[in-house]
>>> print(open('coords_16.txt').read())   # compact mmCIF, C-alpha atoms
# COMPACT_ATOMS: atom_id res chain seq x y z
CA MET A 198 -17.60 30.37 -18.68
CA THR A 199 -16.81 27.15 -16.87
CA GLN A 200 -13.83 28.52 -14.95
CA PRO A 201 -15.82 31.06 -12.79
CA ARG A 202 -18.39 28.34 -11.99
CA GLU A 203 -15.66 25.97 -10.80
CA LYS A 204 -14.21 28.74 -8.68
CA VAL A 205 -17.56 29.37 -7.00
CA GLN A 206 -18.00 25.66 -6.31
CA SER A 207 -14.55 25.36 -4.81
CA THR A 208 -15.34 28.12 -2.31
CA GLY A 209 -18.81 26.84 -1.41
CA VAL A 210 -19.97 26.00 2.11
CA SER A 211 -20.14 22.26 1.48
CA GLY A 212 -16.38 21.93 0.91
CA ASP A 213 -14.50 19.12 -0.77
CA ALA A 214 -14.52 15.49 0.36
CA HIS A 215 -10.75 15.45 -0.06
CA ASP A 216 -10.16 18.47 2.19
CA PRO A 217 -8.20 17.86 5.39
CA PRO A 218 -10.20 17.69 8.65
CA ASP A 219 -9.45 21.31 9.63
CA ARG A 220 -10.78 22.62 6.30
CA ARG A 221 -13.88 20.41 6.50
CA TRP A 222 -14.50 21.92 9.93
CA VAL A 223 -14.35 25.41 8.38
CA HIS A 224 -16.70 24.37 5.55
CA LEU A 225 -19.25 22.56 7.72
CA GLY A 226 -18.69 23.11 11.43
CA ALA A 227 -18.22 26.88 11.31
CA PRO A 228 -21.41 27.57 9.29
CA ALA A 229 -23.33 25.23 11.59
CA ALA A 230 -22.10 27.15 14.62
CA PHE A 231 -23.09 30.38 12.87
CA PHE A 232 -26.64 29.11 12.27
CA VAL A 233 -26.91 28.03 15.90
CA SER A 234 -25.78 31.46 17.05
CA ILE A 235 -28.32 33.19 14.81
CA SER A 236 -31.07 30.89 16.08
CA ALA A 237 -30.09 31.61 19.67
CA LEU A 238 -30.18 35.36 19.05
CA LEU A 239 -33.56 35.07 17.34
CA THR A 240 -34.87 33.03 20.28
CA LEU A 241 -33.75 35.74 22.71
CA ASP A 242 -35.33 38.36 20.47
CA ILE A 243 -38.58 36.39 20.42
CA ALA A 244 -38.59 36.25 24.22
CA THR A 245 -38.05 40.01 24.35
CA ASP A 246 -40.74 40.68 21.74
CA VAL A 247 -43.24 38.57 23.67
CA GLY A 248 -42.63 40.78 26.71
CA ARG A 249 -43.12 43.86 24.58
CA GLY A 250 -46.37 42.61 23.13
CA GLN A 251 -45.27 42.28 19.51
CA SER A 252 -47.77 41.01 16.96
CA LEU A 253 -48.24 37.29 16.45
CA SER A 254 -47.20 37.47 12.80
CA HIS A 255 -43.89 39.08 13.77
CA LEU A 256 -43.24 36.37 16.35
CA VAL A 257 -44.13 33.62 13.86
CA VAL A 258 -41.65 35.00 11.30
CA GLU A 259 -38.86 35.16 13.86
CA ALA A 260 -39.69 31.68 15.17
CA ALA A 261 -39.64 30.29 11.62
CA ALA A 262 -36.27 31.94 10.98
CA ALA A 263 -34.89 30.49 14.21
CA GLY A 264 -36.26 27.06 13.31
CA LEU A 265 -34.68 27.20 9.86
CA GLY A 266 -31.38 28.14 11.46
CA VAL A 267 -31.54 25.16 13.78
CA LEU A 268 -32.53 22.89 10.87
CA GLY A 269 -29.65 24.15 8.72
CA ALA A 270 -27.20 23.67 11.57
CA ALA A 271 -28.50 20.16 12.18
CA MET A 272 -28.10 19.25 8.51
CA LEU A 273 -24.55 20.60 8.40
CA TRP A 274 -23.59 18.82 11.61
CA ARG A 275 -25.11 15.60 10.28
CA ARG A 276 -23.09 15.84 7.08
CA TRP A 277 -19.92 16.66 9.02
CA TRP A 278 -20.48 13.66 11.28
CA ALA A 279 -21.16 11.40 8.26
CA GLU A 280 -17.91 12.54 6.66
CA ARG A 281 -16.04 11.79 9.87
CA ARG A 282 -17.51 8.29 9.97
CA SER A 283 -16.74 7.76 6.28
CA ALA A 284 -13.15 8.89 6.80
CA ALA A 285 -12.80 6.57 9.78
CA ALA A 286 -14.21 3.66 7.74
CA SER A 287 -11.81 4.43 4.88
CA LEU A 288 -8.89 4.51 7.28
CA GLU A 289 -9.99 1.23 8.83
CA GLY A 290 -10.26 -0.33 5.37
CA ALA A 291 -6.82 0.95 4.40
CA LEU A 292 -5.33 -0.49 7.57
CA ALA A 293 -7.04 -3.82 6.91
CA ASP A 294 -5.68 -3.85 3.34
CA ALA A 295 -2.20 -3.02 4.62
CA GLY A 296 -2.48 -5.89 7.08
CA ARG A 297 -3.50 -8.31 4.32
CA TRP A 298 -0.65 -7.11 2.09
CA ARG A 299 1.79 -7.56 4.95
CA VAL A 300 0.55 -11.11 5.50
CA GLU A 301 0.84 -11.86 1.77
CA ALA A 302 4.35 -10.40 1.65
CA ASP A 303 5.42 -12.44 4.67
CA ARG A 304 3.97 -15.58 3.11
CA TRP A 305 5.73 -14.89 -0.20
CA ARG A 306 9.06 -14.34 1.56
CA ARG A 307 8.57 -17.54 3.53
CA GLU A 308 7.73 -19.54 0.41
CA ALA A 309 10.64 -17.98 -1.51
CA ARG A 310 13.00 -18.82 1.34
CA GLU A 311 11.72 -22.40 1.40
CA ALA A 312 12.16 -22.67 -2.37
CA LEU A 313 15.70 -21.32 -2.17
CA ASP A 314 16.52 -23.72 0.66
CA SER A 315 15.13 -26.58 -1.40
CA LEU A 316 17.17 -25.49 -4.43
CA SER A 317 20.30 -25.23 -2.31
CA ARG A 318 19.77 -28.77 -1.01
CA SER A 319 19.17 -30.04 -4.55
CA ILE A 320 22.41 -28.42 -5.74
CA ASP A 321 24.32 -29.98 -2.85
CA HIS A 322 22.88 -33.41 -3.63
CA GLN A 323 23.80 -33.05 -7.29
CA PHE A 324 27.33 -32.01 -6.36
CA ASP A 325 27.50 -35.18 -4.24
CA ARG A 326 26.43 -37.27 -7.23
CA TRP A 327 29.11 -35.62 -9.35
CA GLU A 328 31.62 -36.31 -6.57
CA LEU A 329 33.00 -32.77 -6.57
CA SER A 330 35.75 -31.88 -4.14
CA PRO A 331 35.14 -29.06 -1.61
CA ALA A 332 37.13 -26.64 -3.78
CA GLU A 333 35.26 -27.69 -6.92
CA ARG A 334 31.91 -27.29 -5.14
CA GLU A 335 32.83 -23.76 -4.15
CA VAL A 336 33.95 -22.92 -7.68
CA ALA A 337 30.77 -24.44 -9.13
CA LEU A 338 28.58 -22.34 -6.81
CA LEU A 339 30.44 -19.18 -7.77
CA LEU A 340 30.04 -20.06 -11.43
CA LEU A 341 26.29 -20.48 -10.90
CA LYS A 342 26.20 -17.05 -9.26
CA GLY A 343 27.74 -15.52 -12.38
CA PHE A 344 31.25 -14.72 -11.19
CA SER A 345 34.04 -14.71 -13.76
CA LEU A 346 37.13 -16.89 -13.35
CA LYS A 347 39.15 -13.81 -12.43
CA GLU A 348 36.63 -12.88 -9.73
CA ILE A 349 36.50 -16.47 -8.46
CA ALA A 350 40.28 -16.54 -8.18
CA ALA A 351 40.24 -13.27 -6.23
CA LEU A 352 37.46 -14.44 -3.91
CA ARG A 353 39.22 -17.72 -3.18
CA ALA A 354 42.71 -16.17 -3.05
CA THR A 355 44.02 -18.48 -5.76
CA ALA A 356 45.51 -18.02 -9.20
CA GLU A 357 43.15 -17.57 -12.13
CA ARG A 358 44.75 -20.62 -13.74
CA THR A 359 43.77 -22.69 -10.70
CA ALA A 360 40.20 -21.43 -10.88
CA ARG A 361 40.09 -22.34 -14.58
CA GLN A 362 41.40 -25.86 -13.92
CA GLN A 363 38.85 -26.39 -11.14
CA SER A 364 36.01 -25.17 -13.35
CA LEU A 365 37.10 -27.57 -16.11
CA ALA A 366 37.12 -30.38 -13.55
CA VAL A 367 33.55 -29.48 -12.62
CA TYR A 368 32.42 -29.57 -16.26
CA ARG A 369 34.21 -32.88 -16.85
CA LYS A 370 32.69 -34.61 -13.81
CA ALA A 371 29.24 -33.24 -14.65
CA ASP A 372 29.63 -34.18 -18.33
CA LEU A 373 28.74 -30.62 -19.33
CA ALA A 374 30.25 -28.41 -22.04
CA GLY A 375 30.69 -25.28 -19.95
CA ARG A 376 29.16 -22.59 -17.73
CA ALA A 377 26.02 -22.21 -19.85
CA GLU A 378 25.14 -25.89 -19.59
CA LEU A 379 25.96 -25.87 -15.87
CA SER A 380 23.50 -23.02 -15.29
CA ALA A 381 20.91 -24.58 -17.59
CA PHE A 382 21.19 -27.89 -15.73
CA PHE A 383 19.83 -26.31 -12.52
CA LEU A 384 17.58 -23.67 -14.11
CA GLU A 385 15.69 -26.16 -16.26
CA ASP A 386 13.62 -27.43 -13.34
CA LEU A 387 12.99 -23.90 -12.06
CA LEU A 388 11.75 -22.67 -15.44
CA ALA A 389 9.70 -25.77 -16.24
CA PRO A 390 5.92 -25.10 -16.42
CA HIS A 391 3.90 -25.82 -13.32
CA PRO A 392 1.85 -29.07 -13.50
CA ASP A 393 -1.38 -27.04 -13.18
CA ALA A 394 -0.37 -24.39 -15.74
CA GLY A 395 -2.18 -26.02 -18.68
CA ARG A 396 -5.50 -26.49 -16.88
CA ASP A 397 -6.75 -22.93 -17.30
>>> encode(input="coords_16.txt", output="structure tokens")
Amino acid sequence: MTQPREKVQSTGVSGDAHDPPDRRWVHLGAPAAFFVSISALLTLDIATDVGRGQSLSHLVVEAAAAGLGVLGAAMLWRRWWAERRSAAASLEGALADAGRWRVEADRWRREAREALDSLSRSIDHQFDRWELSPAEREVALLLLKGFSLKEIAALRATAERTARQQSLAVYRKADLAGRAELSAFFLEDLLAPHPDAGRD
């Protein structure tokens, strides 16, 4: 029994708030125009009946019908205009939200870029303290990025044995056991809890 009722509601004059503008015009604007047309015809008929000497009761009925038509049209036009204003306000709000999200995204990218630049400078300073050679610095960076010794050798156009020797030199100068400790050395500060994290 609920399905026929839903079907009747979906085809009603009031329409759906989610309908596109052209359908809302059909649901609201077209009936309003129809009521206005009927009221106009009734008004012309009243003018004709007055000339013909029709009874007052007949004229009152026609005038009431014309007035109801105008009132119905006014109500429909008012609702249509309110929906237009609501849609415009929703669009304005969506654009404002999009603007705020864009600002937040730009700020996040800027902060992330600053953090990466700071990390890069910290890595360079640490390499200076370890007194790594230019080749060893390059190998150390590639190790931090997760490249294998074979890939590092290919990227630097050297033998894999050379890449292995340079990586061992990095570990020796840094006093680290291997790649895992090298990565952990720089990731420890990044993964450390924020000073304000325990205040909540």
>>> closest_residue(input="coords_16.txt", among="A:Arg299, A:Arg310, A:Arg361, A:Arg282", to="Lys347 of chain A", atoms="only C-alpha atoms")
A:Arg361
>>> atom_distance(input="coords_16.txt", atom1="atom CA of Ala360 of chain A", atom2="atom CA of Val336 of chain A")
7.2 Å
>>> residues_near_point(input="coords_16.txt", point="(38.2, -21.4, -15.6)", cutoff="10 Å", atoms="all atoms listed in the file", output="list in words")
Val336, Leu340, Ser345, Leu346, Lys347, Ile349, Ala350, Glu357, Arg358, Thr359, Ala360, Arg361, Gln362, Gln363, Ser364, Leu365, Ala366, Val367, Gly375 and Arg376 of chain A
>>> atom_distance(input="coords_16.txt", atom1="atom CA of Arg304 of chain A", atom2="atom CA of Leu384 of chain A")
23.4 Å
>>> atom_distance(input="coords_16.txt", atom1="atom CA of Gly343 of chain A", atom2="atom CA of Phe383 of chain A")
13.4 Å
